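Chemist: After the structure tokens below, expect a handful of questions from me.
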2 protein chains.
Amino acid sequence: MEEKKARVVIVGAGFAGLKAAQSLAKEPVEVTVVDRRNYHLFQPLLYQVATSGLAPEEISYPVRAVFRKQKNTRFRLAEVERVDLAGKCLVTNAGIIEYDYLILAAGGETNYFGMESVAKNGFGLKDVDEAIHIRNHILRMFEMAAQEKDPDIQRAMLTFMVVGGGPTGVECAGALSELIRLVLTKDYPQLNFNKVRVLLLEAADRLLAGMPPELSDITAKTLWNRQVEVRLDAAVSDFDGQRVVLKGGEIIPSRTLIWAAGVKASRLVDTLGVKQGSARRAVVMATLQLPEQPEVFVIGDAACFDVDGRPLPMIAPVGIQQAAVAAQNITALIQGKPLKNFVYHDKGSLATIGRKAAVGRIGKWKFSGFFAWILWLFVHLILLVGFRNRLLVLINWAWEYISYDRAVRLIIPK
Amino acid sequence: MEEKKARVVIVGAGFAGLKAAQSLAKEPVEVTVVDRRNYHLFQPLLYQVATSGLAPEEISYPVRAVFRKQKNTRFRLAEVERVDLAGKCLVTNAGIIEYDYLILAAGGETNYFGMESVAKNGFGLKDVDEAIHIRNHILRMFEMAAQEKDPDIQRAMLTFMVVGGGPTGVECAGALSELIRLVLTKDYPQLNFNKVRVLLLEAADRLLAGMPPELSDITAKTLWNRQVEVRLDAAVSDFDGQRVVLKGGEIIPSRTLIWAAGVKASRLVDTLGVKQGSARRAVVMATLQLPEQPEVFVIGDAACFDVDGRPLPMIAPVGIQQAAVAAQNITALIQGKPLKNFVYHDKGSLATIGRKAAVGRIGKWKFSGFFAWILWLFVHLILLVGFRNRLLVLINWAWEYISYDRAVRLIIPK
């Protein structure tokens with residue numbers, strides 16, 4: 001056993017998976033990263049693809065390029081069908097992959113909470129193809145509305161619903177409103193833009209539940225100023241592609257419902273057959289191991305890690321911090337040393353609402369407005385993988401800021 | 001008739017269509033541009049999308065953005081099903097569009113010369129989705145080959161055929177070879193790249209038939225130096241997705257056939273019911289009008305315009321020059337003035353083979369190598385629509401030049 005290197009398999013090339021692999025770069029192990037996509041996607045900016053601000057290629061980075069210089073790491077393009085804990089292997093569409101240690105960083109997927117009509121007719125916003133779908137659809141609605149004679153049908157085409165008042169919903173609604181008010185008004189001079197509605201629905205009584213209430217209020221006010229109708233305590237019960245039905249009985253004719261109201265762990269977690277917490281997440285020990293399988297670590301959106309009786313949120317910083325600890329603990333296991341417990345360090349959070357407007361919290365310090373926006377831009381540029389992507393995104397943002405334009409207004413058919 | 005402005009309808013937002021509309025900007029007419037896509041595509045760089053060099057968004061530009069400041073011009077997103085010459089209208093999937101004058105700049109499509117197996121299993125390279133298909137497929141072949149045990153299957157996966165020795169085929173084969181030799185060799189350190197083959201097939205006895213023979217020879221030599229197998233007098237007779245059969249009987253196992261061997265006019269030309277020249281093109285008079293319909297002009301790839309008994313080639317400069325004359329002639333018709341005959345001015349041509357290598361001809365002056373390459377880069381940047389696109393393409397090219405990288409190596413599923 002001493003001469004043969006331990007095989008560490010990491011499922012997922014998201015934030016957590018990449019960080020885990022990078023943390024093992026100098027360890028005497030053989031790392032295999034498995035993902036069904038050949039690129040790492042910078043999900044926090046995916047809504048800008050959906051709203052014509054960025055090209056998908058600018059926020060995606062080939063996984064093989066990440067690990068070119070990391071000699072102990074290989075990539076395999078494969079869709080994992082299930083984890084065989086007893087057989088210590090993954091069953092994939094490209095064959096069996098055996099492991100000595102497994103880091104499951106399989107991420108999350110859209111949670112429609114069992115509402116089939118919304119899952120079928122609404123738009124999720126978790127992957128590149130979904131974002132391009134949304135972009136195509138929004139632009140097509142404007143093209144169709146420009147030619148539509150019936151005023152009721154036209155109004156339905158121009159009513160855009162974003163559901164979910166978390167950061168994704170807030171950022172998406174803000175960006176969509178900007179696309180419409182600053183850009184599309186110039187593209188469709190014949191169209192009456194008073195008929196356009198952008199609604200942001202949130203089931204709780206405030207936006208951005210992870211932020212202090214003052215920032216929730218500032219966010220709602222800013223969105224209203226930018227002509228986004230913010231509806232709190234409002235939940236969707238049905239959407240047939242033509243009409244959105246709210247829980248209270250209100251009916252809003254609309255062709256567009258973007259669902260940013262929930263995430264749950266990847267379906268891969270179900271194949272583990274272990275205890276699950278909320279949102280399908282696998283319950284892990286303080287060391288991030290599965291209770292019965294010391295060789296299996298679950299991190300990021302796939303893991304349910306309780307702090308003071310409440311699970312940590314499904315956000316990138318949690319996954320990234322867990323990845324470093326999981327990697328350290330695998331090294332410790334190999335060396336027979338004691339494992340480390342995971343402790344989450346909340347560094348704060350940021351959400352942008354649009355041009356010169358964002359809100360943020362660092363520790364107990366709260367801020368909003370232009371400074372928060374600049375900080376948001378800066379942090380997101382830094383976190384993007386790859387110098388070229390950073391440069392292209394920066395140029396796009398500068399271009400949009402100076403020209404009040406969104407250049408990627410392309411309907412590229414499937 | 002004096003107070004009501006004449007309705008000029010332009011079908012197609014390619015090079016010819018855009019130029020025609022822009023030439024009518026200051027005339028007292030109502031211009032409607034109709035296209036099935038909402039963007040103008042810079043086709044000369046499409047092969048760089050197929051070979052992971054550029055994002056499709058960087059070579060596409062929204063048609064509405066082109067005409068924002070042109071007050072007499074409107075855009076309609078519609079697929080034209082047929083032209084009704086007698087009724088002076090277009091039948092589209094978005095209703096009837098009537099015209100007083102029509103400029104048909106509907107462009108061309110891939111010509112498989114009746115070979116159904118190639119049309120079905122090969123890849124065309126005329127539109128964005130085809131380019132993304134090729135990109136996805138090439139990268140997927142490498143991912144599959146990296147996991148393939150059978151050496152024969154692996155070799156077939158790594159054999160790439162480009163058919164057609166015109167500029168598109170030459171540029172595509174050169175770029176594909178570069179992607180493989182400079183970039184993918186770093187991505188797949190375990191793969192034996194001696195098994196990779198890129199073939200360029202041309203049915204005639206030299207490449208770039210539009211160039212002087214010396215430049216054809218230089219092009220072939222340069223491609224060989226870059227490990228492209230150039231086959232002249234070689235024509236494909238069948239491709240079932242697994243094996244390419246050549247006319248002489250040779251069989252080459254391959255999963256990838258990129259077809260750049262022919263273009264014919266849009267199927268819309270068939271609906272005119274007029275006399276056709278080669279490649280389905282509508283035969284036009286010296287004024288670019290249809291012989292029986294003085295109000296209908298056909299330009300660009302859709303038109304067959306003979307000079308000294310030979311039709312002009314289907315290239316952008318012909319269409320752009322014709323667009324200006326068609327626009328002038330419509331103004332002349334309205335004012336009752338005599339029409340102008342079209343005269344083509346051949347400004348020369350350029351084709352790039354790859355890094356620091358291109359060939360070109362201006363008048364009788366022939367050149368090749370680094371200077372031709374710089375000129376090619378410069379000319380293509382200038383011709384791109386939109387400052388942002390120019391900047392992004394320039395940065396990508398600079399990035400690729402310095403880093404020997406192709407950043408857009410993403411398999412984005414349909």
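To be explicit about the labels: the chains of the structure tokens are called A, B, and onward in the order shown, and within each one the residues are counted from 1, while ligands get numbers from 1 in the order they are shown.
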Based on only C-alpha atoms, which of the residues in chain A come within 8 Å of chain B? I want them as an MDAnalysis selection string.
Modeler: chainID A and resid 37:39 55 57 60:62 64:65 68 76:77 128:129 143 186:187 388 392 395:396 399 407:414
Chemist: Set the distance at 8 Å and use only C-alpha atoms: which residues neighbour Leu268 (chain B) once local chain neighbours fewer than 5 positions away are removed? I'd like the list as a ChimeraX atom specification.
Modeler: /B:80-83,106
Chemist: Which residues are near region 342-358 of chain B? Cut-off 9 Å, only C-alpha atoms, ignore same chain within fewer than 4 positions. Put them as a PyMOL selection string.
Modeler: chain B and resi 166-168+170-175+177-178+208+210-211+219+222-223+226+286-288+307+312+317-318+321-322+325-326+362-365+367-377+401
Chemist: Select from region 163-351 of chain B everything DSSP, run on the backbone, classes as alpha helix (DSSP H), then give the selection as JSON, numbers by chain.
Modeler: {"B": [167, 168, 169, 170, 171, 172, 173, 174, 175, 176, 177, 178, 185, 186, 187, 213, 214, 215, 216, 217, 218, 219, 220, 221, 222, 223, 224, 225, 316, 317, 318, 319, 320, 321, 322, 323, 324, 325, 326, 327, 328, 329, 330, 331, 332, 333, 334, 335]}
Chemist: Go ahead and write the selection's residues with N, CA and C atoms as a compact mmCIF listing (two decimals), in the first residue's frame.
Modeler:
```
# COMPACT_ATOMS: atom_id res chain seq x y z
N PRO B 167 -11.28 29.12 -49.40
CA PRO B 167 -10.82 29.82 -48.20
C PRO B 167 -11.38 29.22 -46.91
N THR B 168 -12.68 28.87 -46.88
CA THR B 168 -13.26 28.33 -45.65
C THR B 168 -12.59 27.02 -45.25
N GLY B 169 -12.42 26.11 -46.22
CA GLY B 169 -11.79 24.83 -45.93
C GLY B 169 -10.35 24.99 -45.48
N VAL B 170 -9.59 25.84 -46.18
CA VAL B 170 -8.19 26.07 -45.83
C VAL B 170 -8.07 26.66 -44.43
N GLU B 171 -8.89 27.69 -44.16
CA GLU B 171 -8.80 28.35 -42.85
C GLU B 171 -9.25 27.41 -41.75
N CYS B 172 -10.28 26.63 -42.01
CA CYS B 172 -10.80 25.70 -41.01
C CYS B 172 -9.77 24.60 -40.71
N ALA B 173 -9.18 24.02 -41.76
CA ALA B 173 -8.18 22.96 -41.54
C ALA B 173 -6.97 23.50 -40.81
N GLY B 174 -6.53 24.69 -41.18
CA GLY B 174 -5.38 25.30 -40.51
C GLY B 174 -5.67 25.56 -39.04
N ALA B 175 -6.84 26.11 -38.75
CA ALA B 175 -7.19 26.44 -37.37
C ALA B 175 -7.38 25.18 -36.54
N LEU B 176 -7.96 24.14 -37.16
CA LEU B 176 -8.18 22.88 -36.44
C LEU B 176 -6.84 22.24 -36.09
N SER B 177 -5.92 22.25 -37.03
CA SER B 177 -4.61 21.68 -36.77
C SER B 177 -3.90 22.44 -35.64
N GLU B 178 -4.04 23.76 -35.65
CA GLU B 178 -3.44 24.56 -34.58
C GLU B 178 -4.08 24.28 -33.22
N THR B 185 -2.82 19.25 -27.19
CA THR B 185 -1.69 18.44 -26.72
C THR B 185 -1.41 18.69 -25.24
N LYS B 186 -1.68 19.93 -24.79
CA LYS B 186 -1.46 20.24 -23.37
C LYS B 186 -2.62 19.73 -22.51
N ASP B 187 -3.80 19.64 -23.12
CA ASP B 187 -4.98 19.20 -22.36
C ASP B 187 -4.99 17.69 -22.12
N PRO B 213 -1.80 30.42 -58.96
CA PRO B 213 -1.26 29.09 -58.63
C PRO B 213 -0.10 29.10 -57.64
N GLU B 214 0.79 30.10 -57.71
CA GLU B 214 1.91 30.13 -56.76
C GLU B 214 1.40 30.15 -55.32
N LEU B 215 0.33 30.93 -55.09
CA LEU B 215 -0.19 31.03 -53.73
C LEU B 215 -0.85 29.71 -53.32
N SER B 216 -1.46 29.02 -54.28
CA SER B 216 -2.02 27.70 -53.98
C SER B 216 -0.93 26.77 -53.48
N ASP B 217 0.22 26.81 -54.14
CA ASP B 217 1.33 25.94 -53.75
C ASP B 217 1.85 26.30 -52.36
N ILE B 218 2.02 27.60 -52.12
CA ILE B 218 2.48 28.04 -50.80
C ILE B 218 1.50 27.58 -49.72
N THR B 219 0.21 27.71 -50.01
CA THR B 219 -0.81 27.31 -49.04
C THR B 219 -0.71 25.82 -48.73
N ALA B 220 -0.60 25.01 -49.77
CA ALA B 220 -0.51 23.56 -49.54
C ALA B 220 0.74 23.21 -48.73
N LYS B 221 1.87 23.84 -49.09
CA LYS B 221 3.11 23.56 -48.35
C LYS B 221 2.99 23.97 -46.89
N THR B 222 2.43 25.14 -46.67
CA THR B 222 2.29 25.62 -45.29
C THR B 222 1.39 24.68 -44.48
N LEU B 223 0.33 24.22 -45.10
CA LEU B 223 -0.57 23.29 -44.40
C LEU B 223 0.15 21.98 -44.08
N TRP B 224 0.92 21.45 -45.02
CA TRP B 224 1.69 20.23 -44.76
C TRP B 224 2.65 20.44 -43.59
N ASN B 225 3.32 21.61 -43.58
CA ASN B 225 4.24 21.90 -42.47
C ASN B 225 3.51 21.92 -41.13
N ALA B 316 -18.47 37.89 -50.14
CA ALA B 316 -19.05 39.09 -49.55
C ALA B 316 -18.82 40.36 -50.39
N PRO B 317 -17.63 40.61 -50.93
CA PRO B 317 -17.42 41.87 -51.66
C PRO B 317 -18.39 42.05 -52.84
N VAL B 318 -18.72 40.96 -53.53
CA VAL B 318 -19.68 41.05 -54.64
C VAL B 318 -21.03 41.54 -54.11
N GLY B 319 -21.51 40.92 -53.05
CA GLY B 319 -22.80 41.29 -52.49
C GLY B 319 -22.83 42.72 -51.99
N ILE B 320 -21.75 43.15 -51.35
CA ILE B 320 -21.70 44.51 -50.80
C ILE B 320 -21.73 45.54 -51.93
N GLN B 321 -20.96 45.27 -52.98
CA GLN B 321 -20.93 46.22 -54.10
C GLN B 321 -22.28 46.23 -54.84
N GLN B 322 -22.89 45.06 -54.96
CA GLN B 322 -24.19 45.00 -55.62
C GLN B 322 -25.25 45.73 -54.81
N ALA B 323 -25.15 45.65 -53.47
CA ALA B 323 -26.14 46.29 -52.61
C ALA B 323 -26.19 47.79 -52.86
N ALA B 324 -25.02 48.39 -53.00
CA ALA B 324 -24.98 49.84 -53.22
C ALA B 324 -25.65 50.20 -54.54
N VAL B 325 -25.41 49.41 -55.60
CA VAL B 325 -26.00 49.69 -56.91
C VAL B 325 -27.51 49.45 -56.89
N ALA B 326 -27.95 48.36 -56.24
CA ALA B 326 -29.39 48.09 -56.16
C ALA B 326 -30.11 49.24 -55.46
N ALA B 327 -29.51 49.75 -54.37
CA ALA B 327 -30.13 50.86 -53.64
C ALA B 327 -30.21 52.10 -54.53
N GLN B 328 -29.12 52.40 -55.23
CA GLN B 328 -29.12 53.55 -56.16
C GLN B 328 -30.17 53.39 -57.24
N ASN B 329 -30.31 52.16 -57.76
CA ASN B 329 -31.25 51.93 -58.85
C ASN B 329 -32.70 52.06 -58.38
N ILE B 330 -32.96 51.69 -57.14
CA ILE B 330 -34.33 51.88 -56.62
C ILE B 330 -34.64 53.37 -56.53
N THR B 331 -33.70 54.16 -56.03
CA THR B 331 -33.89 55.60 -55.99
C THR B 331 -34.11 56.16 -57.40
N ALA B 332 -33.35 55.65 -58.38
CA ALA B 332 -33.49 56.10 -59.77
C ALA B 332 -34.87 55.75 -60.32
N LEU B 333 -35.33 54.53 -60.00
CA LEU B 333 -36.66 54.11 -60.47
C LEU B 333 -37.74 55.05 -59.93
N ILE B 334 -37.63 55.38 -58.63
CA ILE B 334 -38.63 56.26 -58.00
C ILE B 334 -38.60 57.64 -58.66
N GLN B 335 -37.39 58.11 -58.97
CA GLN B 335 -37.26 59.45 -59.55
C GLN B 335 -37.40 59.45 -61.07
```
Chemist: Would you please work out which residue, of A:Val196, A:Leu232, A:Met115, A:Leu207, is nearest to Phe142 (chain A) when using only C-alpha atoms?
Modeler: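 Once distances to Phe142 (chain A) are computed over only C-alpha atoms, the minimum belongs to A:Val196.
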Chemist: Please return, as an NGL selection string, all residues of region 325-374 of chain B that DSSP assigns to strand (DSSP E) on the basis of the backbone.
Modeler: :B and (349-354 or 357-362 or 365-368)
Chemist: With only C-alpha atoms as the basis for distance, which of B:Ile96, B:Val284, B:Ser254, B:Lys126 is at the shortest distance from Met141 (chain B)?
Modeler: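 Result for the nearest residue to Met141 (chain B): B:Ser254.
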Chemist: Pick from A:Asn111, A:Thr92, A:Thr256, A:Asn341: nearest to Arg243 (chain A), with only C-alpha atoms counted?
Modeler: A:Thr256
Chemist: Calculate how many Å separate CA of Asp84 (chain B) from CA of Gln154 (chain A), rounding to one decimal.
Modeler: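 CA of Gln154 (chain A) lies 29.0 Å from CA of Asp84 (chain B).
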Chemist: Which residues are near Glu292 (chain A)? Cut-off 10 Å, only C-alpha atoms, ignore same chain within fewer than 6 positions. Put them as a list of chain:residue names.
Modeler: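 Non-adjacent residues within range: A:Leu85, A:Val274, A:Val284, A:Met285.
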Chemist: At a cut-off of 8 Å, using only C-alpha atoms, what residues contact Glu98 (chain B)? Leave out same-chain residues fewer than 6 positions from it and give the result as an MDAnalysis selection string.
Modeler: chainID B and resid 7 9 88:90
Chemist: With C-alpha atoms kept, could you save the residues just selected as a tab-separated table (two decimals), in the first residue's frame?
Modeler:
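Generated output (selection31.tsv):
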```tsv
chain	number	residue	atom	x	y	z
B	7	ARG	CA	-41.90	50.62	-49.24
B	9	VAL	CA	-38.29	45.48	-48.30
B	88	LYS	CA	-45.77	42.00	-54.57
B	89	CYS	CA	-45.47	40.53	-51.11
B	90	LEU	CA	-43.54	38.11	-48.94
```
Chemist: Using CA of Gln227 (chain A) and CA of Arg197 (chain A) as the two end points, give the distance in Å to one decimal.
Modeler: 7.9 Å
Chemist: Provide the CA of Asp308 (chain B) to CA of Ile10 (chain B) distance in Å, to one decimal place.
Modeler: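 We find that CA of Asp308 (chain B) and CA of Ile10 (chain B) lie 28.5 Å from each other.
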Chemist: For Ala86 (chain A), work out the shell of residues within 12 Å, counting only C-alpha atoms and skipping chain neighbours fewer than 6 positions away, then give it as a VMD selection string.
Modeler: chain A and resid 98 to 100 271 to 273 292 to 293 295 to 296
Chemist: Grab the residues selected above and save them as a short mmCIF file (atom, residue, chain, number, x, y, z; two decimals), in the first residue's frame with all heavy atoms.
Modeler:
```cif
data_model
loop_
_atom_site.label_atom_id
_atom_site.label_comp_id
_atom_site.auth_asym_id
_atom_site.auth_seq_id
_atom_site.Cartn_x
_atom_site.Cartn_y
_atom_site.Cartn_z
N GLU A 98 -13.18 3.70 -9.89
CA GLU A 98 -12.95 3.26 -8.51
C GLU A 98 -12.24 4.34 -7.71
O GLU A 98 -11.48 5.13 -8.27
CB GLU A 98 -12.09 1.99 -8.51
CG GLU A 98 -12.76 0.83 -9.20
CD GLU A 98 -11.89 -0.41 -9.16
OE1 GLU A 98 -10.65 -0.27 -9.17
OE2 GLU A 98 -12.46 -1.52 -9.12
N TYR A 99 -12.49 4.35 -6.42
CA TYR A 99 -11.83 5.33 -5.56
C TYR A 99 -11.36 4.68 -4.27
O TYR A 99 -11.92 3.67 -3.83
CB TYR A 99 -12.76 6.50 -5.24
CG TYR A 99 -14.00 6.14 -4.46
CD1 TYR A 99 -13.96 5.93 -3.08
CD2 TYR A 99 -15.23 6.04 -5.10
CE1 TYR A 99 -15.11 5.62 -2.38
CE2 TYR A 99 -16.38 5.72 -4.40
CZ TYR A 99 -16.32 5.49 -3.04
OH TYR A 99 -17.45 5.17 -2.34
N ASP A 100 -10.31 5.27 -3.67
CA ASP A 100 -9.97 4.96 -2.29
C ASP A 100 -10.62 5.99 -1.37
O ASP A 100 -11.10 5.67 -0.29
CB ASP A 100 -8.45 4.96 -2.12
CG ASP A 100 -7.79 3.89 -2.98
OD1 ASP A 100 -8.31 2.76 -3.00
OD2 ASP A 100 -6.79 4.21 -3.65
N THR A 271 -28.64 8.51 -4.41
CA THR A 271 -28.07 7.19 -4.66
C THR A 271 -27.14 6.74 -3.54
O THR A 271 -26.71 5.58 -3.52
CB THR A 271 -27.27 7.15 -6.00
OG1 THR A 271 -26.04 7.86 -5.83
CG2 THR A 271 -28.07 7.78 -7.13
N LEU A 272 -26.82 7.66 -2.60
CA LEU A 272 -25.96 7.28 -1.48
C LEU A 272 -26.71 6.41 -0.48
O LEU A 272 -26.14 5.56 0.19
CB LEU A 272 -25.43 8.53 -0.76
CG LEU A 272 -24.51 9.46 -1.53
CD1 LEU A 272 -24.26 10.74 -0.73
CD2 LEU A 272 -23.19 8.76 -1.82
N GLY A 273 -28.01 6.66 -0.37
CA GLY A 273 -28.80 5.92 0.62
C GLY A 273 -28.47 6.29 2.05
O GLY A 273 -28.55 5.46 2.95
N GLU A 292 -20.99 6.53 8.24
CA GLU A 292 -20.60 5.12 8.14
C GLU A 292 -19.42 4.90 7.18
O GLU A 292 -18.89 3.81 7.10
CB GLU A 292 -21.78 4.26 7.65
CG GLU A 292 -23.08 4.45 8.40
CD GLU A 292 -23.04 3.78 9.77
OE1 GLU A 292 -22.40 2.72 9.88
OE2 GLU A 292 -23.62 4.35 10.72
N GLN A 293 -19.09 5.92 6.39
CA GLN A 293 -18.05 5.76 5.37
C GLN A 293 -16.95 6.79 5.60
O GLN A 293 -17.02 7.89 5.06
CB GLN A 293 -18.60 5.95 3.95
CG GLN A 293 -19.25 4.74 3.34
CD GLN A 293 -20.67 4.54 3.84
OE1 GLN A 293 -21.28 5.48 4.34
NE2 GLN A 293 -21.18 3.33 3.74
N GLU A 295 -14.19 7.11 4.34
CA GLU A 295 -13.46 7.47 3.12
C GLU A 295 -14.27 8.38 2.20
O GLU A 295 -13.78 8.79 1.15
CB GLU A 295 -13.00 6.21 2.37
CG GLU A 295 -14.08 5.45 1.62
CD GLU A 295 -14.92 4.55 2.53
OE1 GLU A 295 -14.74 4.63 3.77
OE2 GLU A 295 -15.75 3.80 2.01
N VAL A 296 -15.51 8.70 2.58
CA VAL A 296 -16.35 9.53 1.72
C VAL A 296 -16.65 10.87 2.37
O VAL A 296 -17.18 10.93 3.48
CB VAL A 296 -17.68 8.82 1.37
CG1 VAL A 296 -18.57 9.72 0.51
CG2 VAL A 296 -17.41 7.50 0.65
#
```
Chemist: Out of B:Ala209, B:Glu202, B:Glu229, B:Ala13, which residue has the shortest atom-to-atom distance to Lys247 (chain B) when counting only C-alpha atoms?
Modeler: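 Checking each candidate against Lys247 (chain B), we get B:Glu202 as the closest.
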